[in-house]
file model-v2.cif (mmCIF, C-alpha atoms)
data_final
#
loop_
_atom_site.label_atom_id
_atom_site.label_comp_id
_atom_site.auth_asym_id
_atom_site.auth_seq_id
_atom_site.Cartn_x
_atom_site.Cartn_y
_atom_site.Cartn_z
CA MET D 1 -152.73 148.35 -71.88
CA ARG D 2 -153.14 148.64 -68.13
CA PHE D 3 -154.64 145.15 -68.11
CA ALA D 4 -151.57 143.57 -69.71
CA SER D 5 -149.56 141.56 -67.18
CA HIS D 6 -145.81 141.77 -66.75
CA ARG D 7 -145.51 138.39 -68.50
CA ASP D 8 -147.53 139.74 -71.45
CA ILE D 9 -145.22 142.73 -71.75
CA ALA D 10 -142.13 140.49 -71.57
CA ARG D 11 -143.42 138.30 -74.41
CA VAL D 12 -144.26 141.35 -76.53
CA LEU D 13 -140.77 142.78 -75.98
CA GLU D 14 -139.04 139.54 -76.98
CA ARG D 15 -141.07 139.37 -80.18
CA ALA D 16 -140.30 143.02 -80.90
CA LEU D 17 -136.57 142.36 -80.45
CA ARG D 18 -136.74 139.58 -83.04
CA ARG D 19 -138.75 141.69 -85.50
CA ALA D 20 -136.38 144.62 -85.06
CA SER D 21 -133.30 142.39 -85.52
CA VAL D 22 -131.74 143.73 -82.32
CA PRO D 23 -128.72 141.51 -81.49
CA VAL D 24 -129.73 140.67 -77.94
CA ALA D 25 -127.30 138.44 -76.02
CA PHE D 26 -128.44 135.06 -74.68
CA SER D 27 -127.46 133.11 -71.62
CA ALA D 28 -125.44 129.90 -71.94
CA GLY D 29 -126.62 126.38 -71.07
CA PHE D 30 -129.29 124.00 -72.34
CA SER D 31 -132.09 126.59 -72.29
CA PRO D 32 -130.67 129.94 -73.46
CA HIS D 33 -132.71 133.00 -72.51
CA PRO D 34 -132.37 136.59 -73.72
CA LYS D 35 -130.43 138.69 -71.26
CA ILE D 36 -133.21 141.05 -70.22
CA SER D 37 -133.55 142.21 -66.62
CA TYR D 38 -136.85 143.77 -65.52
CA THR D 39 -136.96 145.99 -62.44
CA GLY D 40 -139.92 147.16 -60.39
CA ALA D 41 -142.64 146.19 -62.86
CA ALA D 42 -146.03 147.80 -62.29
CA PRO D 43 -148.82 145.48 -61.10
CA THR D 44 -151.52 144.34 -63.50
CA GLY D 45 -154.40 146.79 -63.71
CA VAL D 46 -152.40 150.01 -63.58
CA ALA D 47 -150.89 152.14 -66.32
CA SER D 48 -147.33 153.41 -66.21
CA GLU D 49 -145.19 156.09 -67.80
CA ALA D 50 -142.01 154.89 -66.07
CA GLU D 51 -141.04 151.24 -66.56
CA TYR D 52 -137.38 150.26 -66.84
CA LEU D 53 -135.37 147.27 -67.99
CA GLU D 54 -131.76 146.36 -68.75
CA LEU D 55 -130.90 144.73 -72.07
CA THR D 56 -127.54 143.11 -72.92
CA LEU D 57 -126.54 143.16 -76.59
CA ALA D 58 -124.17 140.80 -78.40
CA GLU D 59 -123.01 143.61 -80.70
CA ALA D 60 -122.48 147.32 -80.19
CA ARG D 61 -125.38 149.53 -81.27
CA ARG D 62 -126.12 153.22 -80.86
CA PRO D 63 -128.77 153.75 -78.14
CA GLU D 64 -131.03 155.81 -80.39
CA GLN D 65 -130.79 153.15 -83.10
CA VAL D 66 -131.93 150.52 -80.59
CA ARG D 67 -134.74 152.74 -79.31
CA THR D 68 -136.10 153.49 -82.77
CA ALA D 69 -135.96 149.85 -83.88
CA ILE D 70 -137.71 148.43 -80.82
CA ASP D 71 -140.31 151.20 -80.61
CA ALA D 72 -141.31 150.68 -84.24
CA ALA D 73 -141.83 146.96 -83.58
CA MET D 74 -143.94 147.47 -80.44
CA PRO D 75 -147.76 147.49 -80.56
CA ASP D 76 -149.70 150.70 -80.02
CA GLY D 77 -149.85 151.57 -76.36
CA ILE D 78 -146.30 150.51 -75.50
CA ASP D 79 -143.67 153.13 -76.24
CA VAL D 80 -139.91 152.88 -75.82
CA ILE D 81 -139.23 156.42 -74.65
CA GLU D 82 -135.49 156.42 -74.13
CA VAL D 83 -132.48 154.11 -74.35
CA VAL D 84 -129.07 154.87 -72.83
CA GLU D 85 -125.88 152.86 -72.72
CA ALA D 86 -125.27 151.61 -69.19
CA GLY D 87 -122.18 153.34 -67.86
CA THR D 88 -122.72 152.20 -64.29
CA HIS D 89 -124.28 149.19 -62.58
CA GLY D 90 -127.13 148.98 -60.13
CA LEU D 91 -130.19 150.25 -61.99
CA ALA D 92 -132.41 148.29 -59.61
CA ASP D 93 -130.81 150.02 -56.62
CA ARG D 94 -131.61 153.44 -58.11
CA LEU D 95 -135.35 152.75 -58.29
CA GLU D 96 -136.02 153.74 -54.70
CA ALA D 97 -139.55 155.16 -54.94
CA SER D 98 -142.48 155.74 -57.29
CA GLN D 99 -144.92 158.58 -57.83
CA TRP D 100 -148.50 157.52 -58.55
CA ARG D 101 -151.65 159.26 -59.73
CA VAL D 102 -154.92 157.77 -58.49
CA GLU D 103 -158.11 159.09 -60.13
CA MET D 104 -161.33 158.49 -58.19
CA ALA D 105 -164.62 159.26 -59.92
CA ASP D 106 -167.63 160.30 -57.83
CA VAL D 107 -165.44 161.06 -54.80
CA ASP D 108 -165.67 164.50 -53.25
CA PRO D 109 -162.19 166.09 -53.09
CA ASP D 110 -162.89 167.44 -49.61
CA ASP D 111 -163.74 163.95 -48.37
CA ALA D 112 -160.54 162.68 -49.96
CA ALA D 113 -158.50 165.45 -48.29
CA ARG D 114 -159.91 164.60 -44.87
CA ALA D 115 -159.17 160.90 -45.37
CA VAL D 116 -155.61 161.66 -46.50
CA ALA D 117 -155.01 163.89 -43.47
CA THR D 118 -156.16 161.07 -41.20
CA TYR D 119 -153.91 158.59 -42.97
CA LEU D 120 -150.81 160.82 -42.83
CA ALA D 121 -151.41 161.53 -39.14
CA ALA D 122 -151.48 157.82 -38.28
CA GLU D 123 -148.32 156.13 -37.03
CA SER D 124 -149.31 152.75 -38.45
CA VAL D 125 -151.81 151.62 -41.09
CA GLU D 126 -151.89 147.85 -41.47
CA VAL D 127 -153.64 146.14 -44.36
CA GLU D 128 -153.95 142.57 -45.64
CA ARG D 129 -153.28 141.43 -49.18
CA MET D 130 -152.97 138.07 -50.89
CA THR D 131 -149.36 137.48 -52.00
CA LYS D 132 -147.55 134.56 -53.61
CA LYS D 133 -146.88 133.27 -50.09
CA GLY D 134 -150.50 133.57 -49.02
CA ARG D 135 -152.40 136.29 -47.20
CA ARG D 136 -150.02 138.72 -45.55
CA ARG D 137 -150.55 141.62 -43.17
CA PHE D 138 -148.15 144.57 -43.29
CA ASP D 139 -147.87 148.23 -42.34
CA THR D 140 -148.24 150.63 -45.28
CA ARG D 141 -147.58 153.89 -43.46
CA PRO D 142 -143.72 153.88 -43.37
CA ALA D 143 -143.53 153.52 -47.16
CA VAL D 144 -145.84 156.47 -47.95
CA LEU D 145 -143.83 159.69 -48.07
CA ASP D 146 -146.60 162.03 -49.16
CA ILE D 147 -150.12 162.22 -50.60
CA ASP D 148 -151.53 165.31 -52.30
CA VAL D 149 -155.18 165.79 -53.23
CA CYS D 150 -155.87 167.51 -56.55
CA HIS D 151 -159.31 169.13 -56.48
CA ARG D 152 -161.31 168.33 -59.59
CA SER D 153 -164.96 169.09 -58.91
CA HIS D 154 -166.31 169.21 -62.48
CA GLY D 155 -164.82 166.19 -64.20
CA ARG D 156 -161.61 165.85 -66.20
CA VAL D 157 -162.86 166.89 -69.63
CA PRO D 158 -165.97 168.57 -71.05
CA GLY D 159 -168.78 166.08 -71.17
CA ASP D 160 -167.33 163.85 -68.46
CA ARG D 161 -170.23 161.97 -66.91
CA HIS D 162 -168.69 162.20 -63.43
CA ALA D 163 -169.77 165.43 -61.73
CA THR D 164 -167.32 164.93 -58.86
CA TYR D 165 -163.74 163.84 -59.19
CA ALA D 166 -160.76 163.55 -56.83
CA ILE D 167 -157.18 162.82 -57.80
CA LEU D 168 -154.50 161.67 -55.41
CA ARG D 169 -150.78 161.99 -56.10
CA MET D 170 -148.72 159.81 -53.82
CA VAL D 171 -145.02 159.12 -53.43
CA ILE D 172 -144.34 155.59 -52.17
CA ARG D 173 -140.96 154.23 -51.18
CA HIS D 174 -140.07 150.78 -52.56
CA THR D 175 -140.08 148.34 -49.67
CA THR D 176 -140.41 144.63 -49.00
CA PRO D 177 -143.21 143.68 -49.17
CA ALA D 178 -144.01 146.26 -51.85
CA VAL D 179 -146.67 148.80 -50.90
CA ARG D 180 -148.95 149.50 -53.85
CA PRO D 181 -151.45 152.35 -54.41
CA ASP D 182 -154.35 149.97 -53.83
CA ASP D 183 -152.87 149.11 -50.41
CA VAL D 184 -152.95 152.81 -49.55
CA LEU D 185 -156.58 153.01 -50.74
CA THR D 186 -157.39 150.07 -48.49
CA GLY D 187 -155.84 151.99 -45.59
CA LEU D 188 -157.88 155.09 -46.44
CA ARG D 189 -161.05 153.00 -46.42
CA GLN D 190 -160.21 151.42 -43.07
CA LEU D 191 -159.26 154.69 -41.35
CA ALA D 192 -161.69 157.18 -42.88
CA ASP D 193 -164.30 155.13 -44.73
CA LEU D 194 -163.17 156.54 -48.09
CA ALA D 195 -164.62 154.04 -50.56
CA PRO D 196 -164.82 155.06 -54.25
CA PRO D 197 -168.03 153.67 -55.82
CA SER D 198 -166.07 152.54 -58.90
CA SER D 199 -162.58 151.21 -59.46
CA PRO D 200 -159.97 154.01 -59.31
CA THR D 201 -157.64 154.54 -62.26
CA MET D 202 -154.00 154.27 -61.18
CA THR D 203 -150.95 155.42 -63.16
CA ARG D 204 -147.28 155.36 -62.25
CA LEU D 205 -145.79 158.73 -63.24
CA ALA D 206 -142.16 158.24 -62.23
CA GLN D 207 -139.77 155.97 -60.39
CA GLY D 208 -136.14 156.49 -59.54
CA PRO D 209 -133.71 157.81 -56.92
CA LEU D 210 -135.45 159.51 -54.01
CA ASP D 211 -134.40 162.79 -52.44
CA GLU D 212 -135.39 162.19 -48.82
CA ALA D 213 -135.30 165.91 -47.99
CA THR D 214 -137.62 167.11 -50.76
CA GLY D 215 -139.48 163.92 -51.73
CA VAL D 216 -138.56 164.50 -55.39
CA ILE D 217 -137.90 161.44 -57.56
CA ALA D 218 -134.95 161.93 -59.91
CA ASP D 219 -134.37 160.35 -63.33
CA PRO D 220 -132.49 157.04 -62.92
CA PHE D 221 -130.88 157.50 -66.35
CA ASP D 222 -128.98 160.62 -65.25
CA ALA D 223 -126.04 158.51 -64.04
CA ASP D 224 -125.67 156.89 -67.48
CA ARG D 225 -126.10 159.83 -69.81
CA PRO D 226 -122.87 161.07 -71.42
CA GLU D 227 -123.79 164.70 -70.83
CA ALA D 228 -124.04 166.23 -67.38
CA PRO D 229 -127.57 165.91 -65.96
CA ILE D 230 -129.67 169.05 -65.90
CA THR D 231 -130.55 170.09 -62.36
CA GLU D 232 -133.92 171.74 -61.87
CA SER D 233 -134.72 173.38 -58.58
CA ALA D 234 -138.41 173.72 -59.36
CA GLY D 235 -141.01 171.39 -60.77
CA THR D 236 -142.38 168.05 -59.78
CA ALA D 237 -141.09 164.63 -60.66
CA HIS D 238 -143.88 164.36 -63.24
CA ASP D 239 -142.70 167.61 -64.87
CA GLN D 240 -139.16 166.22 -65.09
CA LYS D 241 -140.47 163.00 -66.63
CA ASN D 242 -142.49 164.89 -69.21
CA ASP D 243 -139.43 166.95 -70.10
CA ARG D 244 -137.45 163.77 -70.76
CA ARG D 245 -140.24 162.36 -72.89
CA THR D 246 -140.41 165.58 -74.92
CA ARG D 247 -136.72 165.37 -75.74
CA SER D 248 -137.07 161.84 -77.16
CA PRO D 249 -138.78 161.21 -80.54
CA ARG D 250 -141.66 158.76 -80.43
CA THR D 251 -143.30 156.77 -83.20
CA SER D 252 -146.26 155.02 -81.58
CA SER D 253 -149.29 156.25 -79.69
CA PRO D 254 -148.64 157.69 -76.18
CA MET D 255 -150.57 155.41 -73.83
CA THR D 256 -148.47 153.16 -71.62
CA GLY D 257 -144.75 153.93 -71.66
CA SER D 258 -141.83 151.55 -71.29
CA SER D 259 -138.28 152.80 -70.89
CA SER D 260 -135.14 150.77 -71.20
#

call {"tool": "encode", "arguments": {"input": "model-v2.cif", "output": "structure tokens"}}
result
Amino acid sequence: MRFASHRDIARVLERALRRASVPVAFSAGFSPHPKISYTGAAPTGVASEAEYLELTLAEARRPEQVRTAIDAAMPDGIDVIEVVEAGTHGLADRLEASQWRVEMADVDPDDAARAVATYLAAESVEVERMTKKGRRRFDTRPAVLDIDVCHRSHGRVPGDRHATYAILRMVIRHTTPAVRPDDVLTGLRQLADLAPPSSPTMTRLAQGPLDEATGVIADPFDADRPEAPITESAGTAHDQKNDRRTRSPRTSSPMTGSSS
């Protein structure tokens, strides 16, 4: 599913809404469109456990009823994890940062740690990337809040063909232009010659409001839940995300997650 584009996901969702008979509202005019607002979609080529969208309904429905109906109509690999009724506006404004996991096969964790230390010590790390407006050069360093190196020296699972494995966890603030994990990898290659021999596997673990003091990403749905949000002093943003996923029933296979 990581190779499905945002447009692919949008088409799949619209078909699922029709199959599930969800009374989605449409815009007025000569070419009505379903009132669906996507925010901060992950780039093509990465997986995600934290995608969000806003959906306007023409009739009142219970959130869990909507979640169950849409999730059952989605193909394997796309899961609707949670649906809440919007009590406040500004979901897009709450998605301030993302946490990413970048898995690099055949990269020594010590080499990765040295490259990360060099990157974090730099005041500016400029990279170039092709955008819709052409090739653009921008500084990635201000958007990167933190990078941790997880040492995996014997592969992820028994029988893994990669003897050496490094995993990066990075927290990146949402900026304009958007800084993506591959931009950070480009910076690591430029500064410290860290070049994975094969394409890294990138997964978004969380996105939401950012605590500048701790670097923790909160759940953007907390402001809309009828019950008071549970505050946890310990645990990472990924732990908090997994806790939310555990509380919600799921009917399809847990690969790429979509939340609305």

call {"tool": "closest_residue", "arguments": {"input": "model-v2.cif", "among": "D:Ser31, D:Ser37, D:Ser98, D:Thr88", "to": "Gly208 (chain D)", "atoms": "all atoms listed in the file"}}
result
D:Ser98

call {"tool": "atom_distance", "arguments": {"input": "model-v2.cif", "atom1": "CA of Ala42 (chain D)", "atom2": "CA of Ala213 (chain D)"}}
result
25.4 Å

call {"tool": "resolve_selection", "arguments": {"input": "model-v2.cif", "expression": "the PyMOL selection byres ((chain D and resi 43-56) around 7)", "output": "PyMOL selection string"}}
result
chain D and resi 1-5+24-25+35-39+41-42+57-58+202-207+256-260

call {"tool": "residues_near_point", "arguments": {"input": "model-v2.cif", "point": "(-141.1, 144.3, -46.7)", "cutoff": "10 Å", "atoms": "only C-alpha atoms", "output": "short mmCIF file (atom, residue, chain, number, x, y, z; two decimals) with C-alpha atoms, in the frame of the given file"}}
result
data_model
loop_
_atom_site.label_atom_id
_atom_site.label_comp_id
_atom_site.auth_asym_id
_atom_site.auth_seq_id
_atom_site.Cartn_x
_atom_site.Cartn_y
_atom_site.Cartn_z
CA PHE D 138 -148.15 144.57 -43.29
CA ASP D 139 -147.87 148.23 -42.34
CA THR D 140 -148.24 150.63 -45.28
CA ALA D 143 -143.53 153.52 -47.16
CA HIS D 174 -140.07 150.78 -52.56
CA THR D 175 -140.08 148.34 -49.67
CA THR D 176 -140.41 144.63 -49.00
CA PRO D 177 -143.21 143.68 -49.17
CA ALA D 178 -144.01 146.26 -51.85
CA VAL D 179 -146.67 148.80 -50.90
#

call {"tool": "resolve_selection", "arguments": {"input": "model-v2.cif", "expression": "the PyMOL selection byres ((chain D and resi 117) around 12)", "output": "PDB file with C-alpha atoms, in the coordinates of the input"}}
result
ATOM      1  CA  ASP D 110    -162.890 167.440 -49.610  1.00  0.00           C
ATOM      2  CA  ASP D 111    -163.740 163.950 -48.370  1.00  0.00           C
ATOM      3  CA  ALA D 112    -160.540 162.680 -49.960  1.00  0.00           C
ATOM      4  CA  ALA D 113    -158.500 165.450 -48.290  1.00  0.00           C
ATOM      5  CA  ARG D 114    -159.910 164.600 -44.870  1.00  0.00           C
ATOM      6  CA  ALA D 115    -159.170 160.900 -45.370  1.00  0.00           C
ATOM      7  CA  VAL D 116    -155.610 161.660 -46.500  1.00  0.00           C
ATOM      8  CA  THR D 118    -156.160 161.070 -41.200  1.00  0.00           C
ATOM      9  CA  TYR D 119    -153.910 158.590 -42.970  1.00  0.00           C
ATOM     10  CA  LEU D 120    -150.810 160.820 -42.830  1.00  0.00           C
ATOM     11  CA  ALA D 121    -151.410 161.530 -39.140  1.00  0.00           C
ATOM     12  CA  ALA D 122    -151.480 157.820 -38.280  1.00  0.00           C
ATOM     13  CA  ASP D 146    -146.600 162.030 -49.160  1.00  0.00           C
ATOM     14  CA  ILE D 147    -150.120 162.220 -50.600  1.00  0.00           C
ATOM     15  CA  ASP D 148    -151.530 165.310 -52.300  1.00  0.00           C
ATOM     16  CA  VAL D 149    -155.180 165.790 -53.230  1.00  0.00           C
ATOM     17  CA  LEU D 188    -157.880 155.090 -46.440  1.00  0.00           C
ATOM     18  CA  LEU D 191    -159.260 154.690 -41.350  1.00  0.00           C
ATOM     19  CA  ALA D 192    -161.690 157.180 -42.880  1.00  0.00           C
ATOM     20  CA  LEU D 194    -163.170 156.540 -48.090  1.00  0.00           C
TER      21      LEU D 194
END

call {"tool": "resolve_selection", "arguments": {"input": "model-v2.cif", "expression": "the PyMOL selection byres ((chain D and resi 69) around 12)", "output": "JSON, numbers by chain"}}
result
{"D": [13, 16, 17, 18, 19, 20, 21, 22, 23, 61, 62, 63, 64, 65, 66, 67, 68, 70, 71, 72, 73, 74, 79, 80, 81, 82, 83, 250, 251, 252]}

call {"tool": "residues_around", "arguments": {"input": "model-v2.cif", "residues": "Met104 (chain D)", "least_positions_apart": "3", "cutoff": "10 Å", "atoms": "only C-alpha atoms", "output": "list in words"}}
result
Arg101, Val107, Asp108, Pro109, Ala112, Arg152, His162, Thr164, Tyr165, Ala166, Ile167, Leu168, Ala195, Pro196, Pro197, Ser198, Ser199, Pro200, Thr201 and Met202 of chain D

call {"tool": "atom_distance", "arguments": {"input": "model-v2.cif", "atom1": "CA of Asp222 (chain D)", "atom2": "CA of Ile172 (chain D)"}}
result
20.8 Å

call {"tool": "residues_near_point", "arguments": {"input": "model-v2.cif", "point": "(-148.7, 147.2, -42.0)", "cutoff": "8 Å", "atoms": "only C-alpha atoms", "output": "VMD selection string"}}
result
chain D and resid 124 to 128 137 to 141

call {"tool": "write_last_selection", "arguments": {"input": "model-v2.cif", "atoms": "C-alpha atoms", "output": "tab-separated table (two decimals), keeping the file's coordinate frame"}}
result
chain	number	residue	atom	x	y	z
D	124	SER	CA	-149.31	152.75	-38.45
D	125	VAL	CA	-151.81	151.62	-41.09
D	126	GLU	CA	-151.89	147.85	-41.47
D	127	VAL	CA	-153.64	146.14	-44.36
D	128	GLU	CA	-153.95	142.57	-45.64
D	137	ARG	CA	-150.55	141.62	-43.17
D	138	PHE	CA	-148.15	144.57	-43.29
D	139	ASP	CA	-147.87	148.23	-42.34
D	140	THR	CA	-148.24	150.63	-45.28
D	141	ARG	CA	-147.58	153.89	-43.46

call {"tool": "closest_residue", "arguments": {"input": "model-v2.cif", "among": "D:Gly40, D:Ala60, D:Ala105, D:Asp8", "to": "Leu91 (chain D)", "atoms": "only C-alpha atoms"}}
result
D:Gly40
